[in-house]
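Peer 1: Can you read through this structure? Questions will come right after.
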Amino acid sequence: MESLTDVTAYLWGRLPLILLFACGYLVYQLMAATRITDGFVAWALRRSRGKASRVLLYIIAASAALSSFIPNTITVLTLIPMLKRLDRGFADRDVTGMTTVLMCSAIYGAAIGGMGSMIGSPANAVLFAALDLFEVAGRDHVTFFNWFVWSVPLVAAFVLAAWFVAAGLGLPKSARNVVVDVSGVAVAAGADARQRYGARLFWLYMGYFVLEAVARENLPGFAEISPALSLGFAVVFLFLLFVRRAPSGGGRSGPLLTVGGLLYSVPRRGLIFILALAALVGIVHWTGLDHRTVVLAGELLKGDMDPRLLFLLTIVAVIFLTECLSNTAVVAAFFTIAHYAAQGHGMDPLPLMIAVGVSSTCAFMTPIATTSNALAFGEMKGASLRTMLGLGFVLNCLGALILTGWLSWILPRLY
């Protein structure tokens with residue numbers, strides 16, 4: 001009975017965090033239902049004015065912004081029709097070789113966005129479970145709000161690095177001075193009443209959890225009442241999504257979401273690649289290759305070394321292992337490795353464990369790394385695997401240096 005009481009008390013104390021992730025799932029559903037995502041991408045592409053290098057920048061930036069709050073796969077799914085039209089537009093201007101770099105830009109942005117917010121990646125949920133499991137000191141100070149303090153500059157740095165790789169190394173020479181017509185891709189259309197209502201609910205969600213995080217840090221005693229307040233907010237949020245009649249728009253009326261409409265389909269070619277990826281992951285896990293590989297990587301982190309070198313080696317190991325193994329298996333094992341490795345080197349485990357979670361989103365190189373990579377590679381017919389591997393390898397290396405330099409400096413100062 002005492003253990004049941006302890007579990008209940010733990011879940012009650014962590015209820016705001018649980019509701020943050022649960023409501024975050026509903027936020028991406030409302031964005032998909034109202035097609036706010038399509039409108040945002042169209043707005044970004046219009047600003048590029050069709051110049052090839054700027055098109056790549058805005059694809060990366062728009063994809064990163066979206067995937068900070070919705071799953072990477074849904075972000076890529078939103079972009080694919082526009083990427084195909086852009087690819088045809090460049091082909092009509094006698095430009096070849098754009099398919100791969102357009103695809104990579106979407107993949108890069110979607111992966112970068114995973115580190116942009118606490119709800120940007122499923123690995124973050126595993127991170128908080130691991131922090132609680134090991135009772136890591138300072139974990140309660142990691143909030144929805146102060147995550148943005150270090151993640152926004154990090155995302156900006158990654159966007160620029162990805163743009164350098166995509167436009168500087170991957171853009172065909174024949175495309176450098178080409179301007180394509182984006183009017184057919186990014187149709188200028190104002191948001192309807194239903195989209196504006198969905199946008200207000202998005203900002204309601206953001207506003208509540210930002211204020212909750214700030215209040216938890218600065219108001220004595222607020223942590224005790226926060227679970228009840230967050231539960232009340234979740235009830236109101238569910239009512240506004242599933243019960244209250246939203247304004248009509250886009251040929252639709254009634255509530256924004258329905259229980260039966262929460263499933264979202266993916267294109268057939270992309271689904272085939274995702275199923276193949278799932279089968280491959282299952283085979284690797286069944287043979288035990290993922291476990292043995294992660295254990296071997298953990299052995300390499302033993303021994304005396306400079307803390308920044310430990311940071312770098314851990315991040316490099318996670319980044320490249322997630323290119324060929326299950327992200328979940330890698331982060332689940334590496335949270336344990338990072339915790340004990342940090343303690344063995346006299347370091348605070350919290351920054352290194354956060355670095356593991358963040359670096360697990362850096363899957364820039366292979367089509368089997370994530371479902372969004374598989375989806376994009378499957379849908380963008382004619383994409384070059386060789387080019388994808390080469391560009392992704394460069395961005396992985398740059399990303400490891402950015403993560404090591406920034407996180408090893410900023411996280412100890414914040415937490």
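Just so we're on the same page: first chain in the structure tokens is A, next is B, and so on; residues restart at 1 for each chain, and ligands are numbered from 1 in the order they show up.
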I need the alpha helix (DSSP H) residues of region 56-291 of chain A per DSSP on the backbone, written as a PyMOL selection string.

Peer 2: chain A and resi 56-67+72-92+98-113+122-133+144-163+193-218+222-238+268-287+289-291

Peer 1: Please write the residues from the selection above to a file, keeping C-alpha atoms, as a short mmCIF file (atom, residue, chain, number, x, y, z; two decimals), in the first residue's frame.

Peer 2:
```
data_model
loop_
_atom_site.label_atom_id
_atom_site.label_comp_id
_atom_site.auth_asym_id
_atom_site.auth_seq_id
_atom_site.Cartn_x
_atom_site.Cartn_y
_atom_site.Cartn_z
CA LEU A 56 16.48 25.78 -48.98
CA LEU A 57 16.91 28.13 -46.00
CA TYR A 58 13.19 28.67 -45.60
CA ILE A 59 12.43 24.96 -45.96
CA ILE A 60 14.91 24.17 -43.18
CA ALA A 61 13.67 26.98 -40.93
CA ALA A 62 9.97 26.26 -41.49
CA SER A 63 10.48 22.54 -40.94
CA ALA A 64 12.42 23.21 -37.72
CA ALA A 65 9.76 25.57 -36.39
CA LEU A 66 6.94 23.09 -37.09
CA SER A 67 8.70 20.01 -35.73
CA ASN A 72 8.79 15.05 -37.44
CA THR A 73 6.86 12.68 -39.68
CA ILE A 74 3.87 15.02 -39.86
CA THR A 75 6.19 17.93 -40.64
CA VAL A 76 7.79 16.06 -43.53
CA LEU A 77 4.39 14.86 -44.69
CA THR A 78 3.24 18.48 -44.86
CA LEU A 79 6.27 19.50 -46.90
CA ILE A 80 6.43 16.64 -49.41
CA PRO A 81 3.77 17.91 -51.87
CA MET A 82 5.45 21.33 -51.95
CA LEU A 83 8.91 19.76 -52.35
CA LYS A 84 7.69 17.78 -55.36
CA ARG A 85 6.25 20.89 -57.00
CA LEU A 86 9.46 22.80 -56.33
CA ASP A 87 11.48 19.93 -57.82
CA ARG A 88 9.37 20.03 -60.98
CA GLY A 89 9.78 23.80 -61.11
CA PHE A 90 13.58 23.51 -61.07
CA ALA A 91 13.46 20.71 -63.63
CA ASP A 92 11.46 22.97 -65.94
CA MET A 98 17.61 19.38 -56.75
CA THR A 99 15.58 16.38 -55.59
CA THR A 100 18.09 15.23 -52.98
CA VAL A 101 18.94 18.64 -51.57
CA LEU A 102 15.26 19.61 -51.28
CA MET A 103 14.55 16.35 -49.48
CA CYS A 104 17.56 16.78 -47.19
CA SER A 105 16.51 20.32 -46.28
CA ALA A 106 13.14 19.06 -45.05
CA ILE A 107 14.79 16.20 -43.14
CA TYR A 108 17.37 18.51 -41.56
CA GLY A 109 14.76 20.98 -40.35
CA ALA A 110 12.49 18.24 -38.98
CA ALA A 111 15.36 16.72 -37.00
CA ILE A 112 16.56 20.11 -35.74
CA GLY A 113 13.09 21.00 -34.50
CA PRO A 122 9.68 11.49 -27.85
CA ALA A 123 13.25 11.16 -26.54
CA ASN A 124 12.52 14.10 -24.21
CA ALA A 125 9.79 12.12 -22.48
CA VAL A 126 12.26 9.25 -22.01
CA LEU A 127 14.79 11.79 -20.71
CA PHE A 128 12.53 12.96 -17.90
CA ALA A 129 11.69 9.39 -16.97
CA ALA A 130 15.43 8.62 -16.75
CA LEU A 131 16.10 11.76 -14.70
CA ASP A 132 13.42 10.69 -12.22
CA LEU A 133 14.61 7.08 -12.20
CA PHE A 144 9.02 24.17 -20.49
CA PHE A 145 10.07 27.82 -20.38
CA ASN A 146 13.79 27.65 -19.59
CA TRP A 147 14.26 24.89 -22.16
CA PHE A 148 13.75 27.63 -24.78
CA VAL A 149 16.55 29.72 -23.20
CA TRP A 150 19.18 27.33 -24.53
CA SER A 151 17.26 25.53 -27.30
CA VAL A 152 16.34 28.57 -29.42
CA PRO A 153 19.99 29.68 -29.95
CA LEU A 154 20.90 26.03 -30.54
CA VAL A 155 18.19 25.60 -33.19
CA ALA A 156 19.28 28.84 -34.88
CA ALA A 157 22.89 27.63 -35.02
CA PHE A 158 21.80 24.28 -36.45
CA VAL A 159 19.59 25.93 -39.07
CA LEU A 160 22.57 27.97 -40.29
CA ALA A 161 24.83 24.90 -40.27
CA ALA A 162 22.24 22.88 -42.20
CA TRP A 163 21.84 25.73 -44.70
CA ALA A 193 -11.96 31.77 -39.05
CA ARG A 194 -11.39 28.11 -38.19
CA GLN A 195 -7.62 28.44 -38.61
CA ARG A 196 -7.55 31.60 -36.50
CA TYR A 197 -9.48 29.75 -33.77
CA GLY A 198 -6.96 26.88 -33.93
CA ALA A 199 -4.08 29.36 -33.71
CA ARG A 200 -5.62 30.93 -30.60
CA LEU A 201 -5.82 27.50 -28.96
CA PHE A 202 -2.16 26.88 -29.83
CA TRP A 203 -1.15 30.11 -28.10
CA LEU A 204 -3.41 29.27 -25.17
CA TYR A 205 -1.50 26.01 -24.74
CA MET A 206 1.86 27.76 -25.08
CA GLY A 207 0.88 30.58 -22.75
CA TYR A 208 -0.36 28.33 -19.97
CA PHE A 209 2.67 26.04 -19.81
CA VAL A 210 5.15 28.92 -20.12
CA LEU A 211 3.42 30.76 -17.25
CA GLU A 212 3.20 27.52 -15.25
CA ALA A 213 6.94 27.01 -15.62
CA VAL A 214 7.76 30.60 -14.64
CA ALA A 215 5.41 30.47 -11.64
CA ARG A 216 6.85 27.14 -10.50
CA GLU A 217 10.34 28.66 -10.47
CA ASN A 218 9.46 31.97 -8.82
CA PHE A 222 3.08 27.02 -6.48
CA ALA A 223 4.48 23.53 -7.17
CA GLU A 224 1.94 22.08 -4.70
CA ILE A 225 -1.09 23.54 -6.49
CA SER A 226 0.26 23.23 -10.05
CA PRO A 227 -1.05 19.66 -10.63
CA ALA A 228 -4.62 20.73 -9.82
CA LEU A 229 -4.34 23.87 -11.96
CA SER A 230 -2.86 21.91 -14.87
CA LEU A 231 -5.62 19.32 -14.64
CA GLY A 232 -8.20 22.11 -14.76
CA PHE A 233 -6.49 23.63 -17.79
CA ALA A 234 -6.46 20.24 -19.55
CA VAL A 235 -10.21 19.82 -18.98
CA VAL A 236 -10.90 23.28 -20.44
CA PHE A 237 -8.54 22.59 -23.36
CA LEU A 238 -10.29 19.30 -24.15
CA ARG A 268 1.73 4.70 -49.74
CA ARG A 269 5.38 4.85 -50.85
CA GLY A 270 6.43 6.43 -47.57
CA LEU A 271 4.43 3.84 -45.62
CA ILE A 272 6.27 1.02 -47.40
CA PHE A 273 9.63 2.50 -46.38
CA ILE A 274 8.43 3.00 -42.80
CA LEU A 275 7.27 -0.64 -42.59
CA ALA A 276 10.63 -1.77 -44.00
CA LEU A 277 12.38 0.36 -41.38
CA ALA A 278 10.27 -1.19 -38.61
CA ALA A 279 11.16 -4.68 -39.87
CA LEU A 280 14.87 -3.79 -39.95
CA VAL A 281 14.76 -2.38 -36.42
CA GLY A 282 12.99 -5.55 -35.25
CA ILE A 283 15.65 -7.78 -36.80
CA VAL A 284 18.49 -5.75 -35.27
CA HIS A 285 16.82 -5.86 -31.86
CA TRP A 286 16.06 -9.60 -32.15
CA THR A 287 19.71 -10.38 -32.91
CA LEU A 289 23.06 -6.12 -32.24
CA ASP A 290 21.70 -2.84 -30.90
CA HIS A 291 22.41 -3.79 -27.28
#
```

Peer 1: Neighbouring residues of Thr336 (chain A) were defined as those with any atom within 9 Å, considering only C-alpha atoms; residues of the same chain fewer than 4 positions away were excluded. Please report them as a ChimeraX atom specification.

Peer 2: /A:130,134,331-332,340-341,353

Peer 1: Could those residues be written to a file, using N, CA and C atoms, as a tab-separated table (two decimals), in the first residue's frame?

Peer 2:
```
chain	number	residue	atom	x	y	z
A	130	ALA	N	14.10	9.04	-17.21
A	130	ALA	CA	15.43	8.62	-16.75
A	130	ALA	C	15.93	9.53	-15.63
A	134	PHE	N	16.86	7.98	-11.91
A	134	PHE	CA	18.15	8.11	-11.25
A	134	PHE	C	18.16	9.22	-10.20
A	331	VAL	N	18.90	5.86	-26.85
A	331	VAL	CA	18.79	6.83	-25.76
A	331	VAL	C	18.51	6.14	-24.43
A	332	ALA	N	17.70	5.09	-24.45
A	332	ALA	CA	17.40	4.39	-23.21
A	332	ALA	C	18.67	3.84	-22.57
A	340	TYR	N	26.26	7.29	-15.24
A	340	TYR	CA	27.39	6.72	-14.51
A	340	TYR	C	28.73	7.24	-15.02
A	341	ALA	N	28.82	7.54	-16.30
A	341	ALA	CA	30.06	8.11	-16.83
A	341	ALA	C	30.33	9.48	-16.24
A	353	MET	N	23.11	14.07	-19.67
A	353	MET	CA	21.90	13.31	-20.01
A	353	MET	C	21.00	14.12	-20.95
```

Peer 1: As an MDAnalysis selection string, please: the residues near region 381-391 of chain A (cut-off 9 Å, only C-alpha atoms, same-chain neighbours under 3 positions excluded).

Peer 2: chainID A and resid 97:101 103:104 165:166 169:170 364:367 377:378 394:396

Peer 1: Quick check, in Å to one decimal: how far apart do CA of Asn327 (chain A) and CA of Ile368 (chain A) lie?

Peer 2: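 Interatomic distance here is 10.8 Å.
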
Peer 1: Where does region 374-408 of chain A meet region 307-313 of chain A within 12 Å, residue by residue, with the nearest atom pair and distance in Å to one decimal for each, counting only C-alpha atoms, listed by chain and rising number, as a Markdown table?

Peer 2:
```
| residue | atom | partner | partner_atom | distance |
| --- | --- | --- | --- | --- |
| A:Cys397 | CA | A:Leu312 | CA | 10.3 |
| A:Leu398 | CA | A:Leu312 | CA | 11.4 |
| A:Gly399 | CA | A:Leu312 | CA | 10.4 |
| A:Ala400 | CA | A:Leu312 | CA | 6.7 |
| A:Leu401 | CA | A:Leu312 | CA | 7.2 |
| A:Ile402 | CA | A:Leu312 | CA | 9.7 |
| A:Leu403 | CA | A:Leu312 | CA | 8.1 |
| A:Thr404 | CA | A:Leu312 | CA | 5.5 |
| A:Gly405 | CA | A:Arg308 | CA | 8.1 |
| A:Trp406 | CA | A:Arg308 | CA | 10.7 |
| A:Leu407 | CA | A:Phe311 | CA | 8.8 |
| A:Ser408 | CA | A:Arg308 | CA | 6.8 |
```

Peer 1: Identify which of the residues A:Val259, A:Ala52, A:Ala317, A:Ala167 lies closest to Val182 (chain A), counting only C-alpha atoms when measuring atom-to-atom distances.

Peer 2: A:Ala52

Peer 1: As number ranges by chain, please: the residues near Ser68 (chain A) (cut-off 8 Å, only C-alpha atoms, same-chain neighbours under 5 positions excluded).

Peer 2: A: 113-117, 119-121

Peer 1: Next, the residues of the selection above should be written as a CSV table (one decimal), in the first residue's frame with N, CA and C atoms.

Peer 2:
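The resulting selection.csv:
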```
chain,number,residue,atom,x,y,z
A,113,GLY,N,14.2,20.6,-35.3
A,113,GLY,CA,13.1,21.0,-34.5
A,113,GLY,C,12.8,20.1,-33.3
A,114,GLY,N,13.3,18.9,-33.4
A,114,GLY,CA,13.1,18.0,-32.2
A,114,GLY,C,13.8,18.4,-31.0
A,115,MET,N,14.8,19.3,-31.1
A,115,MET,CA,15.5,19.8,-29.9
A,115,MET,C,14.9,21.2,-29.5
A,116,GLY,N,14.0,21.7,-30.3
A,116,GLY,CA,13.5,23.1,-30.1
A,116,GLY,C,12.6,23.3,-28.9
A,117,SER,N,11.9,22.2,-28.4
A,117,SER,CA,11.1,22.4,-27.3
A,117,SER,C,11.0,21.0,-26.5
A,119,ILE,N,8.5,19.2,-26.0
A,119,ILE,CA,7.6,18.3,-26.7
A,119,ILE,C,8.0,18.0,-28.1
A,120,GLY,N,9.2,18.4,-28.5
A,120,GLY,CA,9.6,18.3,-29.9
A,120,GLY,C,10.0,16.9,-30.2
A,121,SER,N,10.4,16.0,-29.3
A,121,SER,CA,10.9,14.7,-29.6
A,121,SER,C,10.4,13.7,-28.5
```

Peer 1: Need to verify the contact set: Asp38 (chain A), 9 Å, only C-alpha atoms, exclusion of same-chain residues closer than 3 positions in sequence. Can you return it as a list in words?

Peer 2: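 That gives Ala32, Arg35, Val41, Ala42, Trp43, Thr78, Leu79 and Ala186 of chain A.
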
Peer 1: With only C-alpha atoms as the basis for distance, which of A:Arg245, A:Arg176, A:Arg139, A:His339 is at the shortest distance from Arg93 (chain A)?

Peer 2: A:Arg176

Peer 1: Within region 186-266 of chain A, find each residue whose DSSP state, derived from the backbone, is strand (DSSP E or B), and express the selection as an MDAnalysis selection string.

Peer 2: chainID A and resid 246:249 252:254
